[in-house]
Amino acid sequence: MKITFISEPQKKDVLIPLFSGGDFGAAASFLKSNYLDDVLSEFKADKGAFQIVYESGRRYFLMGLGKKADFDSIYKTARQFSVKQKSQLKSQLNILSAHLKENADSVTEALLNGLITGTYQIGVWKSDEPEAHPFDSDDAEIFVVSASKDKKKMNALAERATIIAESQIRVMDLVNTPGNVKTPAYIAQRAADAAEQFGFKATIFSDDAIWENKLLALAAVNRGSEESAQFIILEYEPESVKNPVTVGLVGKGVTYDTGGLSIKPSASMSYMKSDMAGAAAVLGAFEAAVRLKLPVKLIAAIPVTDNLVDALSIKPGDIINSHSGKTIEVLDTDAEGRLILADGLSYLIQNFKPDHVIDMATLTGATVRMLGKHAGGLFANNESLANGLEEAGHESGEKLWRLPLWEQYADDLKSDTADVKNLSRSPVAGAIFAAKFLETFIHDHPSWAHLDIAGMCFGDTEFGKDKNSTGYGVRLIVQFLSALSAK
């Protein structure tokens, strides 16, 4: 798809985004349409409201954004429009932004991001090939009717929106891929292919290399699987940047989670193909940051395995070792994500010594029960890092809410037989105990954050009737890295 910024609309259909209570007359005046002026006076512009107006052979799509909507709300409204109005759309479309008086750039980026992400097709496994989206073709073009004269800035905005949207689509596709296809080796190959395509380095450990590099907690979780675990390391260093800030990313990659011997209820187990959404978000954000040439040095560690039931599976009560050398009493084999993250964090910190470390994981149902579907949980041992991530959440619309890491919570993780146990026996504060467990393996790193995104990365969307991937995390991390590099 091509995006072009113009000052007057082409003789194509026009999408008109409108905030409720805004100056609708400005849009009608710009389009020189008295008829449209009358129609707009009756349009409420509530969030998600759509109306098609026909005049002189042209269609006007009125899109309601509600009152002062944030980036995510605008993005989701545009994405919903792109999905649900697919049959009405043509391959070329004007977007009117010249009438917007406040935050025109941010609104435009959110609209473009949503329209492009809306081209994603969830039904790739059906025998009948899904109908192509009009915007998903070589001749597709969006003309943004803008009041800005800064073409360089607007072109950069379009590139950012496009790259982030494409990365989100890749994340959604990966998360939605069924577990029988999405083996650990499958994800490792996707990472290797992305490295070759976008120009960064990928190193992958499997089989004996897992043991040789002392990734012992990952190996323990993998014992019940017929597929070898994979440990993916990604590296990117920006060109012509002296002493760039180094950020380490760690993503939980459990390709399918039965809970192991502590088996999950069957009713929702089919959703457990999504338990690698943290890994997917890290991979997607890494790709986007590289393509945007952000002046930040990036390292990612992605431990990948499934968690299945087998005679060789680890058992509740087992004691396992880890990359850090600390022993772990496994009280619950369904608390496996924190085990593989422990190795990922320890390996990355000891071998690369990044300035900041961020891990992302679908770690606990406790976070979902606490925050619902509107924010991920944020735990951090550094105020500046926490503030930067919170701000990035608000700017990107992928919100985070900070939770405590007080030392009092560590007492519940003390084990009689090992250095630490992987679960507290307390029925409350599960998300916090999980974060405190991870903190045990960061080697006293002074700037670490844990993002529990269990409630954010998989849910109800317009792409299908059942729960599916949201693509959460890409915009958040890219926004954080962009702000960090600007400083």
# chains A, B, ... in the order shown; residues from 1 in each chain; ligands from 1
>>> residues_around(residues="Gln121 of chain A", least_positions_apart="2", cutoff="12 Å", atoms="only C-alpha atoms", output="JSON, numbers by chain")
{"A": [82, 83, 84, 86, 116, 117, 118, 119, 123, 124, 125, 126, 129, 130, 131, 132, 133, 136, 169, 170, 172, 173, 176, 462, 463, 464, 468, 469]}
>>> write_last_selection(atoms="C-alpha atoms", output="JSON list (two decimals), in the first residue's frame")
[["chain", "number", "residue", "atom", "x", "y", "z"],
["A", 82, "SER", "CA", -11.33, -1.58, 7.86],
["A", 83, "VAL", "CA", -12.53, -5.08, 8.78],
["A", 84, "LYS", "CA", -16.28, -4.59, 8.80],
["A", 86, "LYS", "CA", -14.16, -4.35, 3.63],
["A", 116, "ILE", "CA", -3.63, -1.25, 7.65],
["A", 117, "THR", "CA", -3.89, -3.66, 10.58],
["A", 118, "GLY", "CA", -7.51, -4.24, 9.55],
["A", 119, "THR", "CA", -6.29, -6.00, 6.40],
["A", 123, "GLY", "CA", -9.14, -17.53, 8.15],
["A", 124, "VAL", "CA", -5.93, -18.69, 6.47],
["A", 125, "TRP", "CA", -6.50, -22.29, 7.54],
["A", 126, "LYS", "CA", -9.86, -22.58, 5.76],
["A", 129, "GLU", "CA", -9.14, -18.75, 0.46],
["A", 130, "PRO", "CA", -10.50, -15.59, 2.12],
["A", 131, "GLU", "CA", -11.41, -12.65, -0.07],
["A", 132, "ALA", "CA", -8.53, -10.21, -0.36],
["A", 133, "HIS", "CA", -8.80, -6.87, 1.40],
["A", 136, "ASP", "CA", -3.87, -5.38, 0.66],
["A", 169, "ILE", "CA", -0.07, -8.33, 11.70],
["A", 170, "ARG", "CA", 2.93, -10.64, 11.91],
["A", 172, "MET", "CA", -1.29, -11.67, 15.31],
["A", 173, "ASP", "CA", -0.58, -14.27, 12.65],
["A", 176, "ASN", "CA", -3.16, -17.29, 16.12],
["A", 462, "GLU", "CA", -13.59, -7.94, 15.05],
["A", 463, "PHE", "CA", -11.36, -10.46, 13.25],
["A", 464, "GLY", "CA", -13.37, -13.47, 14.41],
["A", 468, "ASN", "CA", -7.83, -14.21, 18.95],
["A", 469, "SER", "CA", -4.66, -12.14, 19.02]]
>>> residues_around(residues="Ala98 of chain A", least_positions_apart="5", cutoff="9 Å", atoms="only C-alpha atoms", output="list in words")
Ser7, Ala26, Ala27, Phe30, Ala104, Val144, Val145, Ser146, Ala147 and Ser148 of chain A
>>> write_last_selection(atoms="N, CA and C atoms", output="compact mmCIF listing (two decimals), in the first residue's frame")
# COMPACT_ATOMS: atom_id res chain seq x y z
N SER A 7 -3.03 18.13 -0.36
CA SER A 7 -3.75 19.26 0.23
C SER A 7 -5.22 19.31 -0.19
N ALA A 26 -16.22 22.54 9.68
CA ALA A 26 -14.90 22.69 9.07
C ALA A 26 -14.66 21.61 8.02
N ALA A 27 -15.12 20.38 8.31
CA ALA A 27 -14.96 19.29 7.35
C ALA A 27 -15.80 19.53 6.11
N PHE A 30 -14.35 22.37 4.03
CA PHE A 30 -13.15 21.98 3.31
C PHE A 30 -13.50 21.18 2.07
N ALA A 104 -3.60 16.40 15.24
CA ALA A 104 -3.88 15.87 13.90
C ALA A 104 -2.89 14.77 13.51
N VAL A 144 -3.89 11.08 2.20
CA VAL A 144 -4.20 11.80 3.44
C VAL A 144 -4.28 13.29 3.12
N VAL A 145 -5.47 13.84 3.27
CA VAL A 145 -5.69 15.26 3.00
C VAL A 145 -5.32 16.02 4.26
N SER A 146 -4.14 16.61 4.25
CA SER A 146 -3.55 17.17 5.46
C SER A 146 -3.30 18.67 5.31
N ALA A 147 -3.35 19.38 6.44
CA ALA A 147 -3.03 20.80 6.46
C ALA A 147 -1.54 21.04 6.66
N SER A 148 -0.80 19.97 6.98
CA SER A 148 0.63 20.11 7.25
C SER A 148 1.40 20.35 5.96
>>> atom_distance(atom1="atom CA of Leu331 of chain A", atom2="atom CA of Pro316 of chain A")
4.8 Å
>>> closest_residue(among="A:Ile204, A:Leu298, A:Ala110, A:Val474", to="Tyr186 of chain A", atoms="only C-alpha atoms")
A:Ile204
>>> closest_residue(among="A:Val241, A:Leu234, A:Ala188, A:Ala342", to="Lys326 of chain A", atoms="only C-alpha atoms")
A:Ala342
>>> closest_residue(among="A:Ala380, A:Met63, A:Ile233, A:Leu400", to="Ala195 of chain A", atoms="only C-alpha atoms")
A:Ile233
>>> residues_around(residues="segment 441-447 of chain A", least_positions_apart="5", cutoff="8 Å", atoms="only C-alpha atoms", output="PyMOL selection string")
chain A and resi 324+342-343+345-346+349-350+355-357+380-382+385
>>> decode(residues="segment 265-312 of chain A", atoms="N, CA and C atoms", output="tab-separated table (two decimals), in the first residue's frame")
chain	number	residue	atom	x	y	z
A	265	PRO	N	-7.98	-26.84	33.26
A	265	PRO	CA	-9.32	-27.28	32.84
A	265	PRO	C	-9.41	-27.28	31.31
A	266	SER	N	-10.18	-28.21	30.77
A	266	SER	CA	-10.23	-28.37	29.32
A	266	SER	C	-11.03	-27.28	28.62
A	267	ALA	N	-11.94	-26.62	29.35
A	267	ALA	CA	-12.88	-25.69	28.70
A	267	ALA	C	-12.17	-24.58	27.93
A	268	SER	N	-11.09	-24.05	28.47
A	268	SER	CA	-10.42	-22.93	27.82
A	268	SER	C	-9.01	-23.28	27.35
A	269	MET	N	-8.67	-24.56	27.37
A	269	MET	CA	-7.29	-24.93	27.03
A	269	MET	C	-6.94	-24.64	25.57
A	270	SER	N	-7.95	-24.59	24.70
A	270	SER	CA	-7.67	-24.31	23.29
A	270	SER	C	-7.05	-22.94	23.10
A	271	TYR	N	-7.27	-22.03	24.07
A	271	TYR	CA	-6.68	-20.70	23.97
A	271	TYR	C	-5.18	-20.70	24.29
A	272	MET	N	-4.69	-21.81	24.80
A	272	MET	CA	-3.31	-21.83	25.28
A	272	MET	C	-2.27	-21.85	24.16
A	273	LYS	N	-2.72	-21.83	22.91
A	273	LYS	CA	-1.79	-21.57	21.81
A	273	LYS	C	-1.26	-20.14	21.89
A	274	SER	N	-1.92	-19.31	22.70
A	274	SER	CA	-1.53	-17.89	22.81
A	274	SER	C	-0.49	-17.65	23.89
A	275	ASP	N	0.00	-18.72	24.54
A	275	ASP	CA	0.89	-18.52	25.69
A	275	ASP	C	2.30	-18.12	25.27
A	276	MET	N	2.49	-17.87	23.99
A	276	MET	CA	3.78	-17.37	23.50
A	276	MET	C	3.63	-15.94	23.02
A	277	ALA	N	2.56	-15.26	23.43
A	277	ALA	CA	2.31	-13.90	22.95
A	277	ALA	C	3.38	-12.91	23.42
A	278	GLY	N	3.99	-13.16	24.57
A	278	GLY	CA	5.10	-12.31	25.00
A	278	GLY	C	6.28	-12.42	24.06
A	279	ALA	N	6.59	-13.65	23.66
A	279	ALA	CA	7.67	-13.86	22.69
A	279	ALA	C	7.34	-13.21	21.36
A	280	ALA	N	6.09	-13.34	20.92
A	280	ALA	CA	5.68	-12.74	19.65
A	280	ALA	C	5.78	-11.22	19.71
A	281	ALA	N	5.36	-10.63	20.84
A	281	ALA	CA	5.43	-9.17	20.99
A	281	ALA	C	6.87	-8.68	20.96
A	282	VAL	N	7.76	-9.42	21.61
A	282	VAL	CA	9.18	-9.05	21.59
A	282	VAL	C	9.73	-9.13	20.17
A	283	LEU	N	9.41	-10.20	19.47
A	283	LEU	CA	9.89	-10.36	18.09
A	283	LEU	C	9.32	-9.25	17.20
A	284	GLY	N	8.02	-8.95	17.35
A	284	GLY	CA	7.40	-7.90	16.54
A	284	GLY	C	7.97	-6.53	16.82
A	285	ALA	N	8.15	-6.21	18.10
A	285	ALA	CA	8.71	-4.90	18.47
A	285	ALA	C	10.15	-4.79	18.00
A	286	PHE	N	10.91	-5.88	18.09
A	286	PHE	CA	12.30	-5.89	17.64
A	286	PHE	C	12.37	-5.61	16.15
A	287	GLU	N	11.55	-6.32	15.37
A	287	GLU	CA	11.50	-6.10	13.92
A	287	GLU	C	11.17	-4.64	13.60
A	288	ALA	N	10.14	-4.11	14.26
A	288	ALA	CA	9.70	-2.74	13.97
A	288	ALA	C	10.79	-1.73	14.31
A	289	ALA	N	11.43	-1.92	15.45
A	289	ALA	CA	12.49	-0.99	15.86
A	289	ALA	C	13.65	-1.00	14.87
A	290	VAL	N	14.00	-2.18	14.38
A	290	VAL	CA	15.09	-2.29	13.40
A	290	VAL	C	14.69	-1.61	12.10
A	291	ARG	N	13.48	-1.86	11.64
A	291	ARG	CA	13.02	-1.27	10.37
A	291	ARG	C	12.91	0.25	10.47
A	292	LEU	N	12.58	0.75	11.65
A	292	LEU	CA	12.50	2.20	11.86
A	292	LEU	C	13.86	2.83	12.13
A	293	LYS	N	14.89	1.96	12.24
A	293	LYS	CA	16.27	2.42	12.47
A	293	LYS	C	16.37	3.27	13.74
A	294	LEU	N	15.71	2.83	14.79
A	294	LEU	CA	15.80	3.55	16.06
A	294	LEU	C	17.23	3.46	16.58
A	295	PRO	N	17.79	4.57	17.09
A	295	PRO	CA	19.19	4.60	17.52
A	295	PRO	C	19.40	3.98	18.90
A	296	VAL	N	18.95	2.75	19.06
A	296	VAL	CA	19.07	2.02	20.32
A	296	VAL	C	19.65	0.65	20.02
A	297	LYS	N	20.59	0.21	20.82
A	297	LYS	CA	21.11	-1.14	20.69
A	297	LYS	C	20.13	-2.10	21.36
A	298	LEU	N	19.75	-3.15	20.65
A	298	LEU	CA	18.75	-4.08	21.14
A	298	LEU	C	19.30	-5.50	21.23
A	299	ILE	N	18.95	-6.14	22.34
A	299	ILE	CA	19.24	-7.56	22.51
A	299	ILE	C	17.93	-8.21	22.95
A	300	ALA	N	17.61	-9.35	22.39
A	300	ALA	CA	16.41	-10.07	22.83
A	300	ALA	C	16.78	-11.51	23.12
A	301	ALA	N	16.19	-12.05	24.18
A	301	ALA	CA	16.31	-13.46	24.52
A	301	ALA	C	14.91	-14.05	24.60
A	302	ILE	N	14.65	-15.06	23.79
A	302	ILE	CA	13.30	-15.64	23.71
A	302	ILE	C	13.40	-17.15	23.95
A	303	PRO	N	13.10	-17.61	25.17
A	303	PRO	CA	13.07	-19.05	25.43
A	303	PRO	C	11.74	-19.64	24.94
A	304	VAL	N	11.80	-20.74	24.21
A	304	VAL	CA	10.60	-21.30	23.59
A	304	VAL	C	10.50	-22.80	23.87
A	305	THR	N	9.34	-23.22	24.33
A	305	THR	CA	9.03	-24.63	24.52
A	305	THR	C	7.52	-24.77	24.61
A	306	ASP	N	7.02	-25.99	24.56
A	306	ASP	CA	5.64	-26.21	24.97
A	306	ASP	C	5.66	-26.81	26.37
A	307	ASN	N	4.49	-26.98	26.97
A	307	ASN	CA	4.39	-27.51	28.34
A	307	ASN	C	3.33	-28.61	28.31
A	308	LEU	N	3.81	-29.85	28.11
A	308	LEU	CA	2.90	-30.97	27.87
A	308	LEU	C	3.00	-32.02	28.97
A	309	VAL	N	2.13	-33.01	28.85
A	309	VAL	CA	2.05	-34.08	29.84
A	309	VAL	C	2.71	-35.34	29.28
A	310	ASP	N	3.68	-35.88	30.03
A	310	ASP	CA	4.42	-37.05	29.57
A	310	ASP	C	5.03	-37.73	30.79
A	311	ALA	N	5.44	-38.95	30.65
A	311	ALA	CA	6.09	-39.66	31.75
A	311	ALA	C	7.36	-38.95	32.22
A	312	LEU	N	7.98	-38.18	31.32
A	312	LEU	CA	9.21	-37.47	31.67
A	312	LEU	C	8.96	-36.06	32.19
